[in-house]
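One file, query-v4.txt, carrying compact mmCIF, C-alpha atoms and all ligand atoms:
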```txt
# COMPACT_ATOMS: atom_id res chain seq x y z
CA MET L 163 9.21 2.40 -4.77
CA THR L 164 9.97 6.01 -5.50
CA ASP L 165 10.14 8.69 -2.85
CA THR L 166 7.69 10.97 -4.59
CA LEU L 167 4.01 10.66 -3.83
CA PRO L 168 2.40 8.78 -6.69
CA ILE L 169 -0.64 10.31 -8.33
CA TYR L 170 -3.21 7.78 -9.44
CA PRO L 171 -5.82 9.17 -11.79
CA GLU L 172 -8.58 6.90 -10.42
CA ASN L 173 -8.11 8.07 -6.87
CA ARG L 174 -5.46 9.95 -4.98
CA PHE L 175 -4.48 7.16 -2.66
CA PHE L 176 -3.63 3.72 -4.07
CA PRO L 177 -2.96 2.14 -7.45
CA VAL L 178 -5.53 0.06 -9.30
CA GLU L 179 -5.05 -3.18 -11.26
CA ASN L 180 -7.76 -5.11 -13.10
CA GLY L 181 -10.44 -3.09 -11.37
CA GLN L 182 -9.04 -3.90 -7.94
CA LEU L 183 -7.61 -1.38 -5.52
CA LEU L 184 -4.12 -2.47 -4.47
CA ILE L 185 -3.32 -2.09 -0.77
CA GLY L 186 0.28 -2.98 -0.03
CA GLU L 187 0.36 -4.23 -3.66
CA ILE L 188 -2.36 -6.81 -2.89
CA PRO L 189 -5.65 -6.74 -4.85
CA LEU L 190 -8.41 -5.87 -2.41
CA SER L 191 -10.56 -9.02 -2.95
CA ARG L 192 -7.47 -11.17 -2.35
CA LEU L 193 -6.64 -9.17 0.75
CA ALA L 194 -10.17 -9.69 2.07
CA GLN L 195 -9.73 -13.45 1.54
CA ARG L 196 -6.41 -13.35 3.34
CA VAL L 197 -7.84 -11.42 6.28
CA GLY L 198 -10.69 -13.94 6.38
CA GLN L 199 -13.45 -11.54 7.27
CA THR L 200 -14.92 -8.16 6.70
CA PRO L 201 -14.95 -5.52 8.06
CA PHE L 202 -11.25 -4.84 8.40
CA TYR L 203 -8.74 -2.02 8.47
CA ALA L 204 -5.65 -2.28 6.29
CA TYR L 205 -2.62 -0.02 6.67
CA ASP L 206 -0.02 0.15 3.90
CA ARG L 207 3.51 0.27 5.36
CA GLN L 208 5.06 1.56 2.13
CA ALA L 209 2.54 4.39 1.99
CA ILE L 210 3.40 5.41 5.57
CA GLY L 211 7.09 5.36 4.70
CA ARG L 212 6.58 7.48 1.59
CA CYS L 213 4.59 10.06 3.52
CA ILE L 214 7.29 10.41 6.19
CA ARG L 215 10.17 10.54 3.69
CA ARG L 216 8.36 13.25 1.76
CA LEU L 217 7.76 15.20 4.98
CA ARG L 218 11.43 14.95 5.97
CA LEU L 219 12.46 16.31 2.58
CA ALA L 220 10.26 19.35 3.19
CA MET L 221 11.27 19.99 6.81
CA PRO L 222 14.56 21.35 8.19
CA ALA L 223 17.05 18.48 8.53
CA GLU L 224 17.61 19.10 12.24
CA LEU L 225 13.88 18.95 13.08
CA LYS L 226 12.84 15.82 15.00
CA ILE L 227 9.54 14.16 14.08
CA TYR L 228 7.63 12.35 16.83
CA TYR L 229 4.63 10.13 16.22
CA ALA L 230 1.55 10.75 18.40
CA ILE L 231 0.46 7.17 19.09
CA LYS L 232 -3.16 8.02 19.79
CA ALA L 233 -3.74 8.49 16.06
CA ASN L 234 -3.20 4.75 15.47
CA PRO L 235 -2.06 2.53 18.33
CA MET L 236 -2.07 -0.78 16.44
CA PRO L 237 1.08 -2.50 17.80
CA ALA L 238 2.45 -3.39 14.35
CA VAL L 239 1.98 0.21 13.18
CA VAL L 240 3.71 1.57 16.28
CA GLN L 241 6.57 -0.89 15.70
CA HIS L 242 6.83 0.31 12.09
CA MET L 243 6.78 3.94 13.20
CA ALA L 244 9.72 3.25 15.52
CA THR L 245 11.84 2.70 12.41
CA LEU L 246 10.62 5.83 10.63
CA THR L 247 10.30 8.55 13.28
CA ASP L 248 12.57 10.08 15.93
CA GLY L 249 10.34 9.52 18.94
CA PHE L 250 6.87 9.01 20.32
CA ASP L 251 4.28 11.25 21.92
CA LEU L 252 2.30 9.30 24.51
CA ALA L 253 -0.97 10.08 26.22
CA SER L 254 -1.41 7.13 28.60
CA ALA L 255 0.54 4.37 30.32
CA GLY L 256 -1.05 1.99 27.82
CA GLU L 257 0.53 3.91 24.94
CA MET L 258 3.79 4.00 26.88
CA LYS L 259 3.82 0.21 26.98
CA LEU L 260 3.26 0.02 23.21
CA ALA L 261 6.05 2.53 22.68
CA LEU L 262 8.57 0.85 25.00
CA ASP L 263 7.85 -2.54 23.42
CA THR L 264 9.24 -1.24 20.11
CA GLY L 265 12.70 -0.59 21.50
CA MET L 266 12.54 3.15 20.90
CA PRO L 267 14.72 4.76 23.62
CA ALA L 268 12.65 6.18 26.48
CA GLY L 269 14.63 9.43 26.18
CA GLN L 270 12.85 9.99 22.87
CA MET L 271 9.37 9.77 24.33
CA SER L 272 7.21 12.38 25.95
CA PHE L 273 4.06 11.72 27.93
CA ALA L 274 1.46 14.50 27.76
CA GLY L 275 -2.17 14.75 28.78
CA PRO L 276 -4.24 16.07 31.66
CA GLY L 277 -5.16 13.77 34.53
CA LYS L 278 -2.17 11.46 34.62
CA ARG L 279 -2.69 8.97 37.43
CA PRO L 280 -0.07 8.60 40.20
CA GLN L 281 0.61 5.09 38.91
CA GLU L 282 1.19 6.41 35.36
CA LEU L 283 3.58 9.08 36.65
CA SER L 284 5.44 6.43 38.60
CA GLN L 285 5.75 4.11 35.59
CA ALA L 286 6.94 6.94 33.34
CA ILE L 287 9.56 8.04 35.88
CA ALA L 288 10.82 4.46 36.19
CA ALA L 289 10.95 4.16 32.40
CA GLY L 290 12.83 7.44 31.97
CA VAL L 291 10.16 8.94 29.74
CA THR L 292 9.81 12.76 29.79
CA LEU L 293 6.65 13.89 31.52
CA ASN L 294 5.02 16.95 30.03
CA ALA L 295 3.55 18.53 33.16
CA GLU L 296 0.09 19.96 32.63
CA SER L 297 -0.35 21.76 35.95
CA LEU L 298 1.55 23.01 39.01
CA ARG L 299 -0.12 20.35 41.07
CA GLU L 300 1.15 17.68 38.70
CA LEU L 301 4.70 18.88 39.43
CA ASP L 302 4.10 18.16 43.12
CA MET L 303 2.66 14.76 42.25
CA ILE L 304 5.71 13.94 40.13
CA ALA L 305 8.03 14.96 42.95
CA GLY L 306 6.00 12.81 45.33
CA GLN L 307 6.37 9.76 43.08
CA CYS L 308 10.11 10.45 42.71
CA GLU L 309 10.46 10.30 46.47
CA ILE L 310 8.60 6.98 46.69
CA LEU L 311 10.71 5.49 43.89
CA GLY L 312 14.04 6.98 44.90
CA LEU L 313 14.44 8.25 41.33
CA ASN L 314 14.43 11.63 39.61
CA ALA L 315 12.09 12.54 36.76
CA ASN L 316 12.60 14.15 33.35
CA VAL L 317 10.03 16.91 33.15
CA ALA L 318 9.00 19.38 30.45
CA LEU L 319 6.38 22.06 30.97
CA ARG L 320 3.43 22.08 28.64
CA ILE L 321 2.52 25.69 27.97
CA ASN L 322 -1.00 26.84 27.24
CA PRO L 323 -0.03 29.80 25.06
CA ASP L 324 -2.01 33.01 24.80
CA PHE L 325 -2.43 32.32 21.07
CA GLU L 326 -4.32 29.58 19.27
CA LEU L 327 -3.75 27.67 16.05
CA LYS L 328 -6.07 29.53 13.71
CA ALA L 329 -8.37 27.51 11.45
CA ALA L 330 -7.59 24.28 13.32
CA GLY L 331 -10.20 21.51 13.33
CA MET L 332 -9.57 21.07 17.05
CA LYS L 333 -8.08 23.85 19.18
CA MET L 334 -5.96 22.78 22.12
CA GLY L 335 -4.26 26.01 23.13
CA GLY L 336 -5.22 29.64 23.80
CA GLY L 337 -7.86 30.87 26.24
CA ALA L 338 -8.96 28.74 29.18
CA LYS L 339 -7.93 25.13 28.52
CA PRO L 340 -7.52 21.89 30.43
CA PHE L 341 -4.22 21.40 28.57
CA GLY L 342 -0.94 22.85 29.76
CA ILE L 343 0.03 25.60 32.18
CA ASP L 344 -1.03 29.13 31.24
CA GLU L 345 1.86 31.04 29.72
CA GLU L 346 1.70 33.68 32.51
CA MET L 347 2.29 30.98 35.14
CA ILE L 348 5.34 29.44 33.47
CA PRO L 349 7.97 31.48 35.38
CA ALA L 350 6.42 30.30 38.66
CA ALA L 351 6.19 26.73 37.33
CA LEU L 352 9.89 26.78 36.42
CA GLN L 353 10.75 27.98 39.92
CA LYS L 354 8.74 25.13 41.36
CA LEU L 355 10.31 22.55 39.04
CA TYR L 356 13.81 23.69 40.02
CA SER L 357 13.03 23.85 43.73
CA LEU L 358 11.61 20.31 43.62
CA GLY L 359 14.91 19.23 42.04
CA LEU L 360 13.27 17.74 38.94
CA ARG L 361 15.30 17.44 35.70
CA PHE L 362 14.13 20.16 33.29
CA GLN L 363 13.72 18.85 29.74
CA GLY L 364 12.14 21.86 28.04
CA PHE L 365 8.77 23.04 26.82
CA HIS L 366 5.81 21.61 24.95
CA ILE L 367 3.42 23.89 23.06
CA TYR L 368 0.50 22.33 21.26
CA GLY L 369 -1.95 24.69 19.62
CA GLY L 370 -4.34 22.35 17.84
CA SER L 371 -5.00 19.72 15.28
CA GLN L 372 -6.28 19.02 11.73
CA ASN L 373 -5.09 22.23 10.06
CA LEU L 374 -4.77 22.49 6.28
CA LYS L 375 -3.67 26.12 6.10
CA ALA L 376 0.09 26.54 5.76
CA GLU L 377 -0.09 30.22 6.82
CA ALA L 378 -1.85 29.34 10.09
CA ILE L 379 0.65 26.56 10.88
CA ILE L 380 3.58 28.83 10.06
CA GLU L 381 2.20 31.56 12.30
CA ALA L 382 1.69 29.16 15.22
CA GLN L 383 5.19 27.69 14.80
CA GLN L 384 6.75 31.15 14.70
CA LYS L 385 4.82 32.19 17.80
CA SER L 386 5.85 28.99 19.58
CA LEU L 387 9.52 29.67 18.89
CA ASP L 388 9.10 33.31 20.01
CA LEU L 389 7.42 32.12 23.20
CA ALA L 390 10.29 29.72 23.92
CA VAL L 391 12.81 32.52 23.36
CA ARG L 392 10.93 34.68 25.91
CA MET L 393 10.74 31.79 28.40
CA ALA L 394 14.45 31.04 28.01
CA GLU L 395 15.10 34.12 30.16
CA TYR L 396 13.48 32.38 33.11
CA CYS L 397 15.43 29.16 32.64
CA ALA L 398 18.52 28.45 34.74
CA GLN L 399 20.08 26.45 31.89
CA PRO L 400 19.64 26.12 28.10
CA ILE L 401 16.35 24.54 27.04
CA PRO L 402 17.15 20.93 26.10
CA ARG L 403 14.11 20.33 23.91
CA LEU L 404 11.26 22.34 22.46
CA ASN L 405 8.19 20.51 21.21
CA ILE L 406 6.28 22.93 18.98
CA GLY L 407 3.29 20.63 18.48
CA GLY L 408 2.07 19.66 15.05
CA GLY L 409 -1.38 20.18 13.75
CA LEU L 410 -0.76 19.26 10.09
CA GLY L 411 -4.12 18.14 8.79
CA VAL L 412 -5.20 15.75 6.06
CA PRO L 413 -7.80 16.44 3.35
CA TYR L 414 -10.86 14.40 4.27
CA PHE L 415 -13.51 16.07 2.16
CA SER L 416 -13.96 17.17 -1.42
CA GLY L 417 -12.64 20.70 -1.73
CA ASP L 418 -10.03 20.16 1.01
CA MET L 419 -6.51 20.88 -0.18
CA ALA L 420 -3.45 19.10 1.22
CA VAL L 421 -1.17 21.26 3.40
CA ASP L 422 1.67 22.83 1.46
CA ILE L 423 4.45 21.20 3.50
CA ASP L 424 7.21 22.78 1.41
CA GLN L 425 5.92 26.20 2.38
CA VAL L 426 5.69 25.15 6.05
CA GLY L 427 9.17 23.63 5.94
CA ASP L 428 10.81 26.67 4.36
CA ALA L 429 9.25 29.02 6.90
CA LEU L 430 10.19 26.74 9.77
CA ALA L 431 13.81 26.52 8.61
CA PHE L 432 13.96 30.31 8.58
CA ALA L 433 12.27 30.66 11.99
CA MET L 434 14.47 27.98 13.58
CA ALA L 435 17.63 29.60 12.24
CA ASN L 436 16.60 32.91 13.84
CA ALA L 437 15.51 31.36 17.12
CA SER L 438 18.62 29.21 17.46
CA LYS L 439 20.69 32.31 18.35
CA HIS L 440 18.64 32.55 21.54
CA LEU L 441 18.13 28.83 22.03
CA PRO L 442 21.62 27.34 21.83
CA GLY L 443 21.58 23.56 21.69
CA THR L 444 17.80 23.27 21.83
CA GLU L 445 16.41 20.30 19.93
CA VAL L 446 13.18 21.19 18.12
CA VAL L 447 10.47 18.54 17.77
CA ILE L 448 7.13 18.38 15.97
CA GLU L 449 4.62 15.72 16.94
CA LEU L 450 2.21 14.41 14.37
CA GLY L 451 -0.46 11.78 14.39
CA ARG L 452 -2.92 11.79 11.53
CA TYR L 453 -0.59 13.37 8.99
CA LEU L 454 1.75 10.38 9.16
CA VAL L 455 -0.77 7.54 9.00
CA SER L 456 -4.19 8.68 7.83
CA GLU L 457 -3.75 8.35 4.09
CA ALA L 458 -2.07 4.95 4.35
CA GLY L 459 -5.15 3.33 5.88
CA VAL L 460 -8.46 2.05 4.54
CA TYR L 461 -11.53 0.64 6.22
CA VAL L 462 -13.14 -2.15 4.20
CA THR L 463 -16.69 -3.32 4.69
CA ARG L 464 -18.81 -5.67 2.57
CA ILE L 465 -22.22 -4.86 1.12
CA LEU L 466 -24.88 -7.11 2.68
CA ASP L 467 -27.99 -5.68 1.11
CA LYS L 468 -29.08 -3.25 -1.58
CA LYS L 469 -32.48 -1.69 -1.20
CA HIS L 470 -34.59 1.04 -2.67
CA SER L 471 -36.62 3.44 -0.60
CA ARG L 472 -38.74 6.21 -2.07
CA GLY L 473 -36.43 6.88 -4.96
CA GLN L 474 -33.12 6.44 -3.15
CA VAL L 475 -30.69 3.53 -3.16
CA PHE L 476 -29.26 2.17 0.09
CA LEU L 477 -26.22 -0.07 0.29
CA VAL L 478 -26.17 -1.76 3.69
CA THR L 479 -22.70 -2.84 4.83
CA ASP L 480 -21.43 -5.18 7.54
CA GLY L 481 -19.71 -2.39 9.51
CA GLY L 482 -19.94 1.33 10.05
CA LEU L 483 -20.17 3.62 13.04
CA ASN L 484 -19.14 0.88 15.48
CA HIS L 485 -15.74 0.58 13.75
CA HIS L 486 -15.32 3.99 12.16
CA LEU L 487 -17.06 6.70 14.11
CA ALA L 488 -15.19 9.51 12.34
CA ALA L 489 -16.28 8.42 8.86
CA THR L 490 -19.91 8.63 9.93
CA GLY L 491 -19.39 12.22 11.06
CA ASN L 492 -19.89 11.49 14.74
CA LEU L 493 -16.38 12.18 16.09
CA GLY L 494 -16.80 15.85 16.91
CA GLN L 495 -17.67 17.04 13.39
CA VAL L 496 -20.17 19.89 13.17
CA ILE L 497 -21.42 19.00 9.70
CA ARG L 498 -21.53 15.44 8.38
CA LYS L 499 -19.64 15.10 5.09
CA ASN L 500 -18.71 11.97 3.16
CA TYR L 501 -15.21 10.64 3.61
CA PRO L 502 -13.61 9.69 0.28
CA LEU L 503 -14.99 6.29 -0.73
CA ALA L 504 -14.68 3.66 -3.42
CA ILE L 505 -16.07 0.30 -4.43
CA GLY L 506 -12.67 -1.34 -4.09
CA ASN L 507 -13.35 -4.35 -6.33
CA ARG L 508 -15.04 -2.29 -9.05
CA MET L 509 -12.57 0.50 -9.59
CA ASP L 510 -13.15 0.31 -13.36
CA GLY L 511 -16.94 0.46 -13.04
CA LYS L 512 -18.31 2.76 -15.72
CA ILE L 513 -21.97 2.99 -14.74
CA MET L 514 -22.34 5.36 -11.83
CA GLU L 515 -25.10 5.30 -9.28
CA THR L 516 -26.01 7.72 -6.49
CA VAL L 517 -26.16 5.76 -3.27
CA ASN L 518 -26.46 6.06 0.47
CA ILE L 519 -24.15 3.69 2.30
CA VAL L 520 -25.27 2.71 5.77
CA GLY L 521 -23.82 0.37 8.37
CA PRO L 522 -25.74 -2.44 10.09
CA LEU L 523 -26.53 -0.56 13.30
CA CYS L 524 -30.11 0.22 14.11
CA THR L 525 -29.54 3.97 14.40
CA PRO L 526 -29.83 6.79 11.84
CA LEU L 527 -26.31 7.88 12.85
CA ASP L 528 -24.76 4.90 11.05
CA VAL L 529 -24.17 6.56 7.67
CA LEU L 530 -20.95 6.15 5.68
CA ALA L 531 -22.16 7.96 2.56
CA ASP L 532 -24.95 10.38 1.91
CA ARG L 533 -25.83 10.46 -1.80
CA ALA L 534 -22.39 9.58 -3.10
CA SER L 535 -21.79 8.91 -6.77
CA LEU L 536 -20.03 5.55 -7.06
CA PRO L 537 -19.78 2.73 -9.60
CA GLU L 538 -22.84 0.51 -9.47
CA ALA L 539 -22.36 -2.08 -6.72
CA GLU L 540 -24.05 -5.25 -5.49
CA PRO L 541 -24.16 -7.28 -2.28
CA GLY L 542 -20.76 -8.95 -1.86
CA ASP L 543 -18.83 -5.94 -3.15
CA LEU L 544 -16.31 -4.14 -0.97
CA VAL L 545 -16.82 -0.57 0.15
CA VAL L 546 -13.54 1.22 0.89
CA VAL L 547 -13.29 4.26 3.14
CA TYR L 548 -10.05 6.13 2.47
CA GLN L 549 -8.19 8.38 4.97
CA SER L 550 -8.80 5.78 7.64
CA GLY L 551 -5.31 5.22 9.02
CA ALA L 552 -5.86 7.63 11.92
CA TYR L 553 -8.63 7.97 14.52
CA GLY L 554 -10.38 4.93 13.08
CA TYR L 555 -10.81 1.75 15.05
CA SER L 556 -9.39 2.88 18.39
CA ALA L 557 -11.57 6.00 18.27
CA SER L 558 -14.81 4.06 17.70
CA PRO L 559 -17.41 2.50 20.02
CA ALA L 560 -16.74 -1.12 19.02
CA ALA L 561 -19.09 -2.48 21.70
CA PHE L 562 -22.07 -0.47 20.44
CA LEU L 563 -24.85 -2.86 19.39
CA SER L 564 -22.68 -5.93 20.09
CA GLN L 565 -21.54 -6.37 16.50
CA PRO L 566 -18.46 -8.44 15.59
CA ALA L 567 -15.07 -6.73 15.95
CA ALA L 568 -13.05 -5.50 12.98
CA VAL L 569 -9.59 -6.88 12.24
CA GLU L 570 -6.55 -4.62 11.64
CA VAL L 571 -3.70 -5.58 9.36
CA LEU L 572 -0.47 -3.84 8.37
CA VAL L 573 0.49 -4.90 4.86
C1 LIG X 1 -3.73 14.44 19.63
C2 LIG X 1 -2.42 15.02 19.82
C3 LIG X 1 -1.48 14.99 18.77
C4 LIG X 1 -1.78 14.41 17.42
O1 LIG X 1 -2.72 15.15 16.71
P1 LIG X 1 -2.91 14.88 15.13
O2 LIG X 1 -3.99 15.79 14.71
O3 LIG X 1 -3.25 13.46 14.97
O4 LIG X 1 -1.60 15.19 14.49
C5 LIG X 1 -0.24 15.50 19.02
N1 LIG X 1 0.08 16.02 20.23
C6 LIG X 1 -0.79 16.08 21.24
C7 LIG X 1 -0.38 16.68 22.53
C8 LIG X 1 -2.06 15.59 21.08
O5 LIG X 1 -2.93 15.66 22.09
```
Any chance you could give the structure as structure tokens?
Amino acid sequence: MTDTLPIYPENRFFPVENGQLLIGEIPLSRLAQRVGQTPFYAYDRQAIGRCIRRLRLAMPAELKIYYAIKANPMPAVVQHMATLTDGFDLASAGEMKLALDTGMPAGQMSFAGPGKRPQELSQAIAAGVTLNAESLRELDMIAGQCEILGLNANVALRINPDFELKAAGMKMGGGAKPFGIDEEMIPAALQKLYSLGLRFQGFHIYGGSQNLKAEAIIEAQQKSLDLAVRMAEYCAQPIPRLNIGGGLGVPYFSGDMAVDIDQVGDALAFAMANASKHLPGTEVVIELGRYLVSEAGVYVTRILDKKHSRGQVFLVTDGGLNHHLAATGNLGQVIRKNYPLAIGNRMDGKIMETVNIVGPLCTPLDVLADRASLPEAEPGDLVVVYQSGAYGYSASPAAFLSQPAAVEVLV
């Protein structure tokens, strides 16, 4: 395996052999036999590794890369990520369990998210995980749990900055937000943290998600470093760690261009070198979910029926919205667009056909492809949805219409 991203002419994701897509070097039909059922998700461990090695080459060497588990919480994936990343970003006690089970040191984990339960705070304090406090009240709750446990807590302050990540698919900073403590209130929050005797671990600034524009990411990273430099004046000691968020997006739709990570990395190296004069000893972290795992995953579903209706062709598959809400355009998308797709056992198919691909659910929302041009396919063939390694199964309503569950494999 080389460290450069391979370019396959047939598709931009996986190699092809004898008309079969190879996932983890296994022909897709063989993989389906091995899994024993469709639908399934398959994640390619080599592809995840390549993506992360490539990212590290682009980023400043001293930058730490954390994996945001919510993107793909499959235990085997999280275990694999423990060997490839520097830490984990957690958003629930459930994710904390997954993370701790890997053996990753608790000191390299941060737990963010609004509405942490007292029990979750207590567990995180006992584990030694850093809590990213999202409100002043949460600081009091943390101190309360510390008293009950007879332990102290590692606490960072999540800042809701007065800027946003421009052109982000999902904005999570700027304006009025449920996430983080407004920038103006940070001096008071620091005072509170110190007076409660909690152990200050630094700041967390997360502007948004799914961004493909290098300029926008660079601007947000620069502003995050500037903000930390300003806040350093209110800190009684050097800032141990600064989490500048992530937001690197992946190209889901035709016309989307991959983020220029070399451009982002160069700008970040420059910005970090400047900021380091004011932030002595501060460890800088980015936290990424989808960027690390999306491209390495596929969702595979079998065609059950092929029908014609008033001039259009419909391929009906054995899974859809119930397993892959995002691919049907129902996970917060404004406009439904087709995810990249293939007929994974007919990669050499020469005769193309325009088809609609629909799942088995009795709802018009269950659409995987709207008039896609794909090689001619028949019942029994395998539809592949690319870019499915993140926000796939765990972000889908698996109980909807009481269909069978999907299986997930890491190959
Ligand atoms: C969701 C989330 C992430 C991961 O977002 P991606 O778009 O998957 O990279 C990172 N950090 C926080 C705080 C999040 O809420």
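Taking atom CA of L:Asp251 and atom CA of L:Ala568 as endpoints, the distance between them is 25.7 Å.
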| said: Residues proximal to (-31.0, -3.8, -1.8) were defined as those with any atom within 9 Å of that point in the file's coordinates, counting all atoms listed in the file. Which are they, as a list in words? | reply: Leu466, Asp467, Lys468, Lys469, His470, Val475, Phe476, Leu477, Val478, Glu540 and Pro541 of chain L
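Among the candidates L:Ser558, L:Gln270, L:Asn507, L:Gln241, the one nearest to L:Leu190 when counting all atoms listed in the file is L:Asn507.
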| For the atom pair atom CA of L:Asn234 and atom CA of L:Val421, what is the interatomic distance in Å to one decimal place? | 20.6 Å
| task | With all atoms listed in the file counted, which protein, DNA or RNA residues have an atom no more than 7 Å from (-0.2, 11.4, 26.5) in the file frame? Please answer as a ChimeraX atom specification. | result | /L:251-254,273-275
| Polymer residues at most 8 Å from stretch 444-456 of chain L, all atoms listed in the file, same-chain spacing of 3 or more positions, as a PyMOL selection string | chain L and resi 210+213-214+224-234+250-251+372+400-412+438+441+459+549-553
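Distances to L:Ile304 were evaluated for L:Arg472, L:Arg196, L:Arg464, L:Lys278 using only C-alpha atoms, and the minimum falls at L:Lys278.
Computed from the coordinates, the atom CA of L:Val571 to atom CA of L:Ala204 distance equals 4.9 Å.
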Axis-aligned box for ligand LIG 1 (chain X), 4 Å per side, centre and edges in Å as JSON:
```
{"center_x": -2.0, "center_y": 15.1, "center_z": 18.5, "size_x": 12.1, "size_y": 11.2, "size_z": 16.0}
```
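Closest approach to L:Val291 among L:Ala318, L:Ala330, L:Val460, L:Ala305 is made by L:Ala318 (distances from all atoms listed in the file).
Proximity ranking of L:Pro340, L:Pro522, L:Gly369, L:Gly359 relative to L:Leu327 places L:Gly369 first, based on all atoms listed in the file.
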Taking the partial coordinates given, rebuild stretch 263-269 of chain L to contain all heavy atoms; return it as a PDB file, in the coordinates of the input.
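As a result, selection-v6.pdb now contains:
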```
ATOM      1  N   ASP L 263       7.719  -1.215  24.036  1.00  0.00           N
ATOM      2  CA  ASP L 263       7.850  -2.540  23.420  1.00  0.00           C
ATOM      3  C   ASP L 263       8.564  -2.492  22.062  1.00  0.00           C
ATOM      4  O   ASP L 263       9.070  -3.504  21.588  1.00  0.00           O
ATOM      5  CB  ASP L 263       6.455  -3.184  23.216  1.00  0.00           C
ATOM      6  CG  ASP L 263       5.884  -3.764  24.504  1.00  0.00           C
ATOM      7  OD1 ASP L 263       6.639  -3.876  25.486  1.00  0.00           O
ATOM      8  OD2 ASP L 263       4.683  -4.094  24.521  1.00  0.00           O
ATOM      9  N   THR L 264       8.591  -1.331  21.428  1.00  0.00           N
ATOM     10  CA  THR L 264       9.240  -1.240  20.110  1.00  0.00           C
ATOM     11  C   THR L 264      10.749  -1.146  20.208  1.00  0.00           C
ATOM     12  O   THR L 264      11.437  -1.295  19.195  1.00  0.00           O
ATOM     13  CB  THR L 264       8.775   0.017  19.340  1.00  0.00           C
ATOM     14  OG1 THR L 264       9.259   1.196  20.020  1.00  0.00           O
ATOM     15  CG2 THR L 264       7.277   0.078  19.188  1.00  0.00           C
ATOM     16  N   GLY L 265      11.256  -0.791  21.376  1.00  0.00           N
ATOM     17  CA  GLY L 265      12.700  -0.590  21.500  1.00  0.00           C
ATOM     18  C   GLY L 265      13.131   0.850  21.289  1.00  0.00           C
ATOM     19  O   GLY L 265      14.311   1.166  21.407  1.00  0.00           O
ATOM     20  N   MET L 266      12.211   1.722  20.977  1.00  0.00           N
ATOM     21  CA  MET L 266      12.540   3.150  20.900  1.00  0.00           C
ATOM     22  C   MET L 266      13.077   3.589  22.268  1.00  0.00           C
ATOM     23  O   MET L 266      12.468   3.260  23.293  1.00  0.00           O
ATOM     24  CB  MET L 266      11.278   3.941  20.534  1.00  0.00           C
ATOM     25  CG  MET L 266      11.429   5.451  20.527  1.00  0.00           C
ATOM     26  SD  MET L 266      12.292   6.096  19.088  1.00  0.00           S
ATOM     27  CE  MET L 266      10.990   6.115  17.853  1.00  0.00           C
ATOM     28  N   PRO L 267      14.210   4.341  22.314  1.00  0.00           N
ATOM     29  CA  PRO L 267      14.720   4.760  23.620  1.00  0.00           C
ATOM     30  C   PRO L 267      13.730   5.651  24.369  1.00  0.00           C
ATOM     31  O   PRO L 267      13.086   6.518  23.769  1.00  0.00           O
ATOM     32  CB  PRO L 267      15.987   5.555  23.263  1.00  0.00           C
ATOM     33  CG  PRO L 267      16.357   5.100  21.890  1.00  0.00           C
ATOM     34  CD  PRO L 267      15.070   4.751  21.201  1.00  0.00           C
ATOM     35  N   ALA L 268      13.609   5.422  25.662  1.00  0.00           N
ATOM     36  CA  ALA L 268      12.650   6.180  26.480  1.00  0.00           C
ATOM     37  C   ALA L 268      12.972   7.683  26.444  1.00  0.00           C
ATOM     38  O   ALA L 268      12.073   8.512  26.594  1.00  0.00           O
ATOM     39  CB  ALA L 268      12.668   5.674  27.915  1.00  0.00           C
ATOM     40  N   GLY L 269      14.241   8.022  26.251  1.00  0.00           N
ATOM     41  CA  GLY L 269      14.630   9.430  26.180  1.00  0.00           C
ATOM     42  C   GLY L 269      14.029  10.146  24.986  1.00  0.00           C
ATOM     43  O   GLY L 269      14.073  11.378  24.896  1.00  0.00           O
TER      44      GLY L 269
END
```
